[in-house]
file structure_35.txt (compact mmCIF, C-alpha atoms)
# COMPACT_ATOMS: atom_id res chain seq x y z
CA MET A 1 76.60 170.33 73.88
CA ALA A 2 77.84 166.97 75.10
CA ARG A 3 78.42 166.66 78.81
CA THR A 4 80.52 163.98 80.40
CA ARG A 5 80.20 163.22 84.06
CA VAL A 6 82.60 160.94 85.89
CA ARG A 7 81.30 159.71 89.21
CA ILE A 8 83.59 157.85 91.55
CA VAL A 9 81.85 155.29 93.69
CA ARG A 10 83.35 154.49 97.07
CA VAL A 11 82.50 151.47 99.18
CA PRO A 12 81.16 152.79 102.54
CA SER A 13 83.28 152.06 105.59
CA VAL A 14 80.33 150.30 107.20
CA LEU A 15 80.15 147.94 104.23
CA ALA A 16 83.89 147.34 104.40
CA LEU A 17 83.65 146.49 108.10
CA SER A 18 80.75 144.11 107.63
CA LEU A 19 82.48 142.46 104.71
CA SER A 20 85.63 141.95 106.77
CA THR A 21 83.60 140.12 109.35
CA ALA A 22 81.55 138.18 106.83
CA LEU A 23 84.58 137.03 104.88
CA ALA A 24 86.91 136.28 107.77
CA LEU A 25 85.82 132.64 107.79
CA THR A 26 86.26 132.45 104.04
CA ALA A 27 89.80 133.80 104.29
CA THR A 28 90.60 131.36 107.10
CA ALA A 29 89.10 128.42 105.24
CA CYS A 30 91.17 129.29 102.21
CA GLY A 31 94.37 129.58 104.23
CA SER A 32 95.92 126.27 103.18
CA ASP A 33 94.84 126.76 99.58
CA LYS A 34 96.34 130.26 99.63
CA ALA A 35 99.67 128.89 100.76
CA ASP A 36 99.56 126.27 98.00
CA SER A 37 98.77 129.01 95.49
CA GLY A 38 101.87 130.92 96.56
CA ASP A 39 104.02 127.80 96.11
CA LYS A 40 102.57 127.26 92.66
CA ASN A 41 103.47 130.81 91.68
CA LYS A 42 107.07 130.10 92.59
CA ASN A 43 106.94 127.26 90.08
CA ASN A 44 105.63 129.65 87.41
CA SER A 45 102.09 128.29 87.52
CA ALA A 46 99.28 130.64 86.44
CA PRO A 47 97.97 132.60 89.43
CA VAL A 48 94.45 133.29 90.67
CA VAL A 49 93.55 136.84 89.62
CA VAL A 50 90.61 139.01 90.62
CA ALA A 51 90.07 142.02 88.32
CA THR A 52 87.77 144.92 89.01
CA THR A 53 86.58 145.07 85.37
CA THR A 54 86.81 143.11 82.14
CA TRP A 55 89.55 145.48 80.95
CA GLU A 56 91.94 144.47 83.72
CA GLY A 57 90.69 140.91 83.36
CA ALA A 58 91.51 140.84 79.64
CA LEU A 59 95.02 142.16 80.29
CA ALA A 60 95.52 139.44 82.90
CA LYS A 61 94.26 136.76 80.51
CA ALA A 62 96.52 138.04 77.74
CA ALA A 63 99.43 137.90 80.18
CA GLY A 64 98.81 134.20 80.83
CA ALA A 65 96.47 134.10 83.84
CA LYS A 66 93.94 131.30 83.44
CA ASP A 67 91.90 131.72 86.62
CA VAL A 68 90.51 135.25 86.27
CA LYS A 69 87.45 136.51 88.12
CA VAL A 70 85.86 139.87 87.29
CA ILE A 71 83.89 141.92 89.81
CA VAL A 72 82.12 144.53 87.65
CA PRO A 73 79.78 142.88 85.11
CA SER A 74 80.53 143.54 81.44
CA SER A 75 77.00 144.92 81.08
CA VAL A 76 77.88 147.95 83.21
CA GLN A 77 78.59 150.76 80.75
CA HIS A 78 80.65 152.94 83.08
CA ALA A 79 82.57 150.75 85.51
CA PRO A 80 83.32 153.41 88.19
CA ASP A 81 79.57 153.77 88.68
CA TYR A 82 79.29 150.19 89.91
CA ASP A 83 78.68 149.64 93.62
CA PRO A 84 80.30 146.32 94.65
CA LYS A 85 78.13 143.89 96.58
CA PRO A 86 79.32 141.61 99.40
CA SER A 87 78.80 138.64 97.10
CA ASP A 88 81.15 140.23 94.56
CA LEU A 89 84.01 140.26 97.02
CA ALA A 90 84.16 136.67 98.23
CA ALA A 91 86.56 135.74 95.43
CA VAL A 92 89.15 138.22 96.69
CA ALA A 93 89.88 136.08 99.77
CA GLY A 94 91.45 133.36 97.62
CA ALA A 95 93.21 135.56 95.07
CA ASP A 96 96.94 135.90 94.44
CA PHE A 97 96.53 139.25 92.70
CA VAL A 98 93.84 141.94 92.63
CA LEU A 99 94.01 144.21 89.57
CA TYR A 100 92.51 147.68 89.55
CA ALA A 101 92.83 151.05 87.79
CA PRO A 102 93.69 154.31 89.60
CA PHE A 103 90.26 155.77 88.80
CA GLU A 104 88.64 152.83 90.64
CA PRO A 105 89.40 153.73 94.28
CA TYR A 106 86.96 151.12 95.55
CA ALA A 107 89.52 148.43 94.64
CA LYS A 108 91.49 149.06 97.83
CA LYS A 109 88.29 148.91 99.86
CA ILE A 110 87.54 145.59 98.16
CA LYS A 111 90.84 144.13 99.32
CA GLU A 112 90.49 145.55 102.82
CA ALA A 113 86.94 144.28 103.15
CA ALA A 114 87.93 140.77 102.18
CA GLY A 115 90.92 140.68 104.50
CA SER A 116 92.90 139.25 101.61
CA SER A 117 96.65 138.83 101.43
CA ALA A 118 96.51 139.24 97.65
CA LYS A 119 98.96 141.59 95.97
CA LEU A 120 97.14 144.73 94.86
CA VAL A 121 98.31 145.75 91.36
CA GLU A 122 97.50 149.10 89.75
CA VAL A 123 96.95 148.64 86.01
CA ASN A 124 97.34 151.23 83.26
CA LEU A 125 94.13 151.04 81.25
CA ASP A 126 95.00 152.42 77.84
CA ASN A 127 94.30 150.67 74.54
CA ASP A 128 97.20 152.42 72.84
CA SER A 129 98.90 149.43 71.24
CA ALA A 130 102.36 150.10 72.70
CA LYS A 131 100.97 150.68 76.20
CA ALA A 132 98.76 147.59 76.10
CA SER A 133 101.69 145.50 74.91
CA ALA A 134 103.91 146.85 77.68
CA GLU A 135 101.25 146.18 80.32
CA VAL A 136 100.73 142.58 79.22
CA THR A 137 104.49 142.03 79.31
CA ARG A 138 104.73 143.56 82.80
CA LEU A 139 101.90 141.40 84.13
CA GLY A 140 103.44 138.31 82.57
CA LYS A 141 106.63 138.95 84.54
CA LEU A 142 104.64 139.58 87.71
CA PHE A 143 102.55 136.42 87.29
CA GLY A 144 105.48 134.22 86.29
CA THR A 145 103.86 133.60 82.90
CA ARG A 146 106.31 135.40 80.60
CA ASP A 147 106.15 132.84 77.80
CA ALA A 148 102.37 133.06 77.54
CA ALA A 149 102.51 136.87 77.58
CA ALA A 150 105.19 136.92 74.89
CA LYS A 151 103.16 134.56 72.71
CA TRP A 152 100.09 136.76 73.00
CA ASP A 153 102.11 139.89 72.29
CA THR A 154 103.53 138.42 69.08
CA SER A 155 100.04 137.51 67.87
CA PHE A 156 98.68 140.91 68.90
CA LYS A 157 101.32 142.89 67.02
CA SER A 158 100.74 140.85 63.89
CA GLU A 159 96.95 141.30 64.02
CA TYR A 160 97.25 145.00 64.87
CA GLY A 161 99.43 145.54 61.81
CA THR A 162 96.83 143.83 59.65
CA LEU A 163 94.05 146.02 61.03
CA GLN A 164 96.10 149.15 60.33
CA LYS A 165 96.55 148.12 56.70
CA GLU A 166 92.83 147.39 56.29
CA LEU A 167 91.88 150.76 57.74
CA LYS A 168 94.35 152.62 55.54
CA ALA A 169 92.89 150.87 52.50
CA ALA A 170 89.46 152.23 53.54
CA TRP A 171 90.53 155.89 53.67
CA PRO A 172 88.13 158.01 51.57
CA ASP A 173 89.91 159.07 48.37
CA GLY A 174 93.10 157.57 49.77
CA LYS A 175 93.52 160.39 52.31
CA ALA A 176 93.79 160.08 56.10
CA PRO A 177 90.41 161.10 57.54
CA ALA A 178 90.27 164.24 59.72
CA VAL A 179 88.97 163.36 63.18
CA VAL A 180 88.54 164.61 66.72
CA ALA A 181 88.41 162.06 69.51
CA GLN A 182 87.41 161.64 73.11
CA VAL A 183 90.65 161.33 75.07
CA PHE A 184 90.08 157.64 75.84
CA SER A 185 89.40 156.90 72.15
CA VAL A 186 92.57 158.47 70.77
CA TRP A 187 94.07 154.98 70.46
CA SER A 188 91.50 154.13 67.79
CA ALA A 189 92.39 157.25 65.77
CA LYS A 190 96.02 156.19 65.94
CA MET A 191 95.18 152.67 64.79
CA ALA A 192 93.24 154.11 61.84
CA GLY A 193 96.13 156.38 60.88
CA ALA A 194 93.70 159.30 61.08
CA ASP A 195 94.54 162.99 61.01
CA LEU A 196 93.81 163.74 64.68
CA ARG A 197 92.90 167.43 64.92
CA GLY A 198 91.63 167.69 68.47
CA THR A 199 90.45 165.90 71.60
CA TYR A 200 87.81 166.39 74.28
CA GLY A 201 86.89 165.02 77.71
CA PRO A 202 86.86 163.34 80.09
CA GLN A 203 85.45 166.43 81.82
CA ALA A 204 82.30 168.10 80.55
CA VAL A 205 82.94 169.90 77.28
CA THR A 206 82.42 173.65 77.35
CA ALA A 207 80.80 175.72 74.62
CA LYS A 208 84.16 177.27 73.76
CA GLN A 209 85.80 173.85 73.45
CA LEU A 210 83.05 172.69 71.11
CA ALA A 211 83.40 175.81 69.01
CA ASP A 212 87.15 175.21 68.80
CA LEU A 213 86.58 171.58 67.74
CA GLU A 214 84.24 172.71 64.97
CA THR A 215 86.93 174.97 63.54
CA LYS A 216 89.10 171.86 63.07
CA LYS A 217 86.56 170.71 60.45
CA PRO A 218 86.64 167.00 61.33
CA ALA A 219 84.90 164.48 59.13
CA PHE A 220 84.51 162.09 62.07
CA VAL A 221 84.14 162.22 65.84
CA LEU A 222 85.53 159.14 67.60
CA ASP A 223 83.45 159.10 70.77
CA ASN A 224 83.77 156.88 73.85
CA VAL A 225 80.65 154.75 74.21
CA HIS A 226 81.27 154.30 77.94
CA MET A 227 81.13 158.05 78.64
CA THR A 228 78.98 159.37 75.81
CA THR A 229 76.04 161.72 76.36
CA GLY A 230 74.95 162.11 72.78
CA LYS A 231 76.11 164.01 69.73
CA VAL A 232 79.31 165.97 70.31
CA LEU A 233 79.22 168.17 67.19
CA PRO A 234 75.60 167.85 66.02
CA ASP A 235 75.67 170.81 63.64
CA SER A 236 79.11 170.31 62.12
CA GLY A 237 78.29 167.53 59.69
CA ALA A 238 80.92 165.32 61.30
CA ARG A 239 79.92 161.67 61.58
CA GLN A 240 80.07 160.32 65.14
CA VAL A 241 81.57 156.87 65.65
CA GLU A 242 81.15 155.14 69.00
CA ILE A 243 84.29 153.33 70.18
CA VAL A 244 84.12 150.53 72.77
CA ASN A 245 87.09 150.38 75.13
CA TYR A 246 86.14 147.52 77.44
CA PRO A 247 86.41 143.85 76.42
CA GLY A 248 83.37 141.59 76.75
CA LYS A 249 82.84 138.88 79.31
CA ASP A 250 85.05 136.56 77.24
CA LEU A 251 88.00 138.81 78.24
CA ASP A 252 89.29 138.91 74.67
CA LEU A 253 91.44 142.05 74.49
CA LEU A 254 92.21 141.63 70.80
CA ALA A 255 88.48 141.72 70.03
CA VAL A 256 88.41 145.36 71.21
CA TYR A 257 90.78 146.32 68.39
CA LYS A 258 88.99 144.21 65.80
CA ASN A 259 85.60 145.65 66.73
CA ALA A 260 86.89 149.23 66.67
CA ALA A 261 88.54 148.65 63.31
CA GLU A 262 85.33 147.24 61.86
CA THR A 263 83.28 150.13 63.27
CA ILE A 264 85.64 152.76 61.87
CA LYS A 265 85.97 150.98 58.52
CA THR A 266 82.19 150.89 58.14
CA ALA A 267 82.03 154.62 58.85
CA LEU A 268 84.81 155.39 56.39
CA THR A 269 83.35 153.37 53.55
CA SER A 270 79.80 154.61 53.98
CA SER A 271 80.56 158.31 54.36
call {"tool": "encode", "arguments": {"input": "structure_35.txt", "output": "structure tokens"}}
result
Amino acid sequence: MARTRVRIVRVPSVLALSLSTALALTATACGSDKADSGDKNKNNSAPVVVATTTWEGALAKAAGAKDVKVIVPSSVQHAPDYDPKPSDLAAVAGADFVLYAPFEPYAKKIKEAAGSSAKLVEVNLDNDSAKASAEVTRLGKLFGTRDAAAKWDTSFKSEYGTLQKELKAAWPDGKAPAVVAQVFSVWSAKMAGADLRGTYGPQAVTAKQLADLETKKPAFVLDNVHMTTGKVLPDSGARQVEIVNYPGKDLDLLAVYKNAAETIKTALTSS
């Protein structure tokens, strides 16, 4: 039985206090630059953005931000498990915006520790195509980079449509594959046009839930590589496909969709 554990890491208050002291000089030194940055934003220049993870960073880049710094390394499989270091937080002092997700409560501690005047922005991390498109558009308006966001969105919708067609062409016997998916991988089932018969997670899956999923007779399990603990339905005959949600260090959001499409297509054509 697969178990999923979500651990929320909080930055200790002692660390926050020491960081405030350590970074006070940095914030002061950046004072004139910070004011210039604000003036540039009024002229619709790309802002300085600090993102907690590559996911927020990729959304910011897609929205038109050119100066994007990411705190949690892309090599960290489950971002909320990361414990920010003082050296990770220095960039916050000179930021215009700090992007975080609601399940990353340490983001507020990061801002407090740095004594930054940056605008703290909660981001909806969901790779559902419509939600990702809406979030990029929203950030583009916030950053003053609407044109860049609109350009990315047009390209994204075109590429997404192409991926959908390629996945449909790979359906076994021309029929939509029956799948169950981890809740944060449902977007990939939607992209594939799959017959979604059930979901699981993010909490630990109970024996009853697993039994219920088996009765759905899925051909594939679309798991979440960032929260996986092994085979979900090991005795069902369903093929497990690991879906990656987070972009790489290049902050290419579109690559997440391309990689998922390729992974699913390989599974469909080799089943």
call {"tool": "closest_residue", "arguments": {"input": "structure_35.txt", "among": "A:Ala65, A:Ala238, A:Ala192, A:Val179", "to": "Ala260 (chain A)", "atoms": "all atoms listed in the file"}}
result
A:Ala192
call {"tool": "residues_around", "arguments": {"input": "structure_35.txt", "residues": "Lys175 (chain A)", "least_positions_apart": "2", "cutoff": "12 Å", "atoms": "all atoms listed in the file", "output": "VMD selection string"}}
result
chain A and resid 167 to 173 177 to 178 192 to 195 219 268
call {"tool": "atom_distance", "arguments": {"input": "structure_35.txt", "atom1": "CA of Asp223 (chain A)", "atom2": "CA of Asp126 (chain A)"}}
result
15.1 Å
call {"tool": "closest_residue", "arguments": {"input": "structure_35.txt", "among": "A:Lys131, A:Lys157, A:Arg197, A:Lys119", "to": "Ala176 (chain A)", "atoms": "all atoms listed in the file"}}
result
A:Arg197
call {"tool": "closest_residue", "arguments": {"input": "structure_35.txt", "among": "A:Thr162, A:Phe220, A:Val225, A:Lys66", "to": "Ile264 (chain A)", "atoms": "only C-alpha atoms"}}
result
A:Phe220
call {"tool": "axis_aligned_box", "arguments": {"input": "structure_35.txt", "around": "region 89-105 of chain A", "padding_each_side": "4 Å", "output": "JSON"}}
result
{"center_x": 90.5, "center_y": 144.6, "center_z": 93.8, "size_x": 20.9, "size_y": 30.4, "size_z": 20.0}
call {"tool": "residues_around", "arguments": {"input": "structure_35.txt", "residues": "Val221 (chain A)", "least_positions_apart": "2", "cutoff": "12 Å", "atoms": "only C-alpha atoms", "output": "VMD selection string"}}
result
chain A and resid 177 to 183 185 to 186 188 to 189 194 to 200 210 213 to 214 216 to 219 223 to 225 228 230 to 234 236 to 243 264 267 to 268
call {"tool": "closest_residue", "arguments": {"input": "structure_35.txt", "among": "A:Leu99, A:Ala113, A:Leu254, A:Ala107", "to": "Ser133 (chain A)", "atoms": "all atoms listed in the file"}}
result
A:Leu254
call {"tool": "atom_distance", "arguments": {"input": "structure_35.txt", "atom1": "CA of Val92 (chain A)", "atom2": "CA of Gly57 (chain A)"}}
result
13.7 Å
call {"tool": "atom_distance", "arguments": {"input": "structure_35.txt", "atom1": "CA of Thr263 (chain A)", "atom2": "CA of Asp235 (chain A)"}}
result
22.0 Å
call {"tool": "closest_residue", "arguments": {"input": "structure_35.txt", "among": "A:Lys61, A:Lys249, A:Lys265, A:Lys108", "to": "Ala148 (chain A)", "atoms": "only C-alpha atoms"}}
result
A:Lys61
call {"tool": "closest_residue", "arguments": {"input": "structure_35.txt", "among": "A:Val244, A:Gly144, A:Met227, A:Lys190", "to": "Gln203 (chain A)", "atoms": "only C-alpha atoms"}}
result
A:Met227
call {"tool": "residues_around", "arguments": {"input": "structure_35.txt", "residues": "Leu120 (chain A)", "least_positions_apart": "6", "cutoff": "12 Å", "atoms": "all atoms listed in the file", "output": "PyMOL selection string"}}
result
chain A and resi 49-52+92+95-102+105+107-112+142
call {"tool": "build_atoms", "arguments": {"input": "structure_35.txt", "residues": "region 181-209 of chain A", "atoms": "N, CA and C atoms", "output": "mmCIF file, keeping the file's coordinate frame"}}
result
data_model
loop_
_atom_site.group_PDB
_atom_site.id
_atom_site.type_symbol
_atom_site.label_atom_id
_atom_site.label_comp_id
_atom_site.auth_asym_id
_atom_site.auth_seq_id
_atom_site.Cartn_x
_atom_site.Cartn_y
_atom_site.Cartn_z
ATOM 1 N N ALA A 181 88.689 163.263 68.723
ATOM 2 C CA ALA A 181 88.410 162.060 69.510
ATOM 3 C C ALA A 181 88.309 162.353 70.989
ATOM 4 N N GLN A 182 87.442 161.611 71.649
ATOM 5 C CA GLN A 182 87.410 161.640 73.110
ATOM 6 C C GLN A 182 88.754 161.106 73.589
ATOM 7 N N VAL A 183 89.283 161.645 74.666
ATOM 8 C CA VAL A 183 90.650 161.330 75.070
ATOM 9 C C VAL A 183 90.917 159.828 75.235
ATOM 10 N N PHE A 184 89.894 159.072 75.651
ATOM 11 C CA PHE A 184 90.080 157.640 75.840
ATOM 12 C C PHE A 184 89.819 156.840 74.559
ATOM 13 N N SER A 185 89.567 157.564 73.450
ATOM 14 C CA SER A 185 89.400 156.900 72.150
ATOM 15 C C SER A 185 90.488 157.290 71.165
ATOM 16 N N VAL A 186 91.470 158.042 71.639
ATOM 17 C CA VAL A 186 92.570 158.470 70.770
ATOM 18 C C VAL A 186 93.304 157.270 70.180
ATOM 19 N N TRP A 187 93.375 156.182 70.934
ATOM 20 C CA TRP A 187 94.070 154.980 70.460
ATOM 21 C C TRP A 187 93.470 154.472 69.144
ATOM 22 N N SER A 188 92.153 154.621 69.006
ATOM 23 C CA SER A 188 91.500 154.130 67.790
ATOM 24 C C SER A 188 91.825 155.020 66.590
ATOM 25 N N ALA A 189 91.987 156.328 66.846
ATOM 26 C CA ALA A 189 92.390 157.250 65.770
ATOM 27 C C ALA A 189 93.795 156.903 65.307
ATOM 28 N N LYS A 190 94.644 156.571 66.258
ATOM 29 C CA LYS A 190 96.020 156.190 65.940
ATOM 30 C C LYS A 190 96.053 154.905 65.125
ATOM 31 N N MET A 191 95.237 153.938 65.521
ATOM 32 C CA MET A 191 95.180 152.670 64.790
ATOM 33 C C MET A 191 94.714 152.907 63.354
ATOM 34 N N ALA A 192 93.784 153.834 63.171
ATOM 35 C CA ALA A 192 93.240 154.110 61.840
ATOM 36 C C ALA A 192 94.168 154.974 61.000
ATOM 37 N N GLY A 193 95.233 155.504 61.617
ATOM 38 C CA GLY A 193 96.130 156.380 60.880
ATOM 39 C C GLY A 193 95.466 157.704 60.541
ATOM 40 N N ALA A 194 94.484 158.107 61.361
ATOM 41 C CA ALA A 194 93.700 159.300 61.080
ATOM 42 C C ALA A 194 94.487 160.584 61.350
ATOM 43 N N ASP A 195 93.991 161.651 60.777
ATOM 44 C CA ASP A 195 94.540 162.990 61.010
ATOM 45 C C ASP A 195 93.815 163.537 62.243
ATOM 46 N N LEU A 196 94.432 163.350 63.419
ATOM 47 C CA LEU A 196 93.810 163.740 64.680
ATOM 48 C C LEU A 196 93.972 165.257 64.881
ATOM 49 N N ARG A 197 92.854 165.972 64.859
ATOM 50 C CA ARG A 197 92.900 167.430 64.920
ATOM 51 C C ARG A 197 92.496 168.021 66.257
ATOM 52 N N GLY A 198 92.009 167.185 67.156
ATOM 53 C CA GLY A 198 91.630 167.690 68.470
ATOM 54 C C GLY A 198 91.061 166.595 69.339
ATOM 55 N N THR A 199 91.014 166.860 70.650
ATOM 56 C CA THR A 199 90.450 165.900 71.600
ATOM 57 C C THR A 199 89.516 166.623 72.561
ATOM 58 N N TYR A 200 88.702 165.839 73.267
ATOM 59 C CA TYR A 200 87.810 166.390 74.280
ATOM 60 C C TYR A 200 87.636 165.391 75.405
ATOM 61 N N GLY A 201 87.113 165.875 76.544
ATOM 62 C CA GLY A 201 86.890 165.020 77.710
ATOM 63 C C GLY A 201 88.152 164.809 78.515
ATOM 64 N N PRO A 202 88.073 164.015 79.603
ATOM 65 C CA PRO A 202 86.860 163.340 80.090
ATOM 66 C C PRO A 202 85.898 164.262 80.846
ATOM 67 N N GLN A 203 86.345 165.491 81.158
ATOM 68 C CA GLN A 203 85.450 166.430 81.820
ATOM 69 C C GLN A 203 84.381 166.919 80.839
ATOM 70 N N ALA A 204 83.369 167.552 81.389
ATOM 71 C CA ALA A 204 82.300 168.100 80.550
ATOM 72 C C ALA A 204 82.888 169.098 79.553
ATOM 73 N N VAL A 205 82.418 169.034 78.334
ATOM 74 C CA VAL A 205 82.940 169.900 77.280
ATOM 75 C C VAL A 205 82.229 171.247 77.315
ATOM 76 N N THR A 206 83.000 172.313 77.307
ATOM 77 C CA THR A 206 82.420 173.650 77.350
ATOM 78 C C THR A 206 82.031 174.115 75.940
ATOM 79 N N ALA A 207 81.232 175.171 75.904
ATOM 80 C CA ALA A 207 80.800 175.720 74.620
ATOM 81 C C ALA A 207 82.005 176.200 73.802
ATOM 82 N N LYS A 208 82.967 176.794 74.463
ATOM 83 C CA LYS A 208 84.160 177.270 73.760
ATOM 84 C C LYS A 208 84.953 176.111 73.163
ATOM 85 N N GLN A 209 85.079 175.020 73.942
ATOM 86 C CA GLN A 209 85.800 173.850 73.450
ATOM 87 C C GLN A 209 85.121 173.270 72.216
#
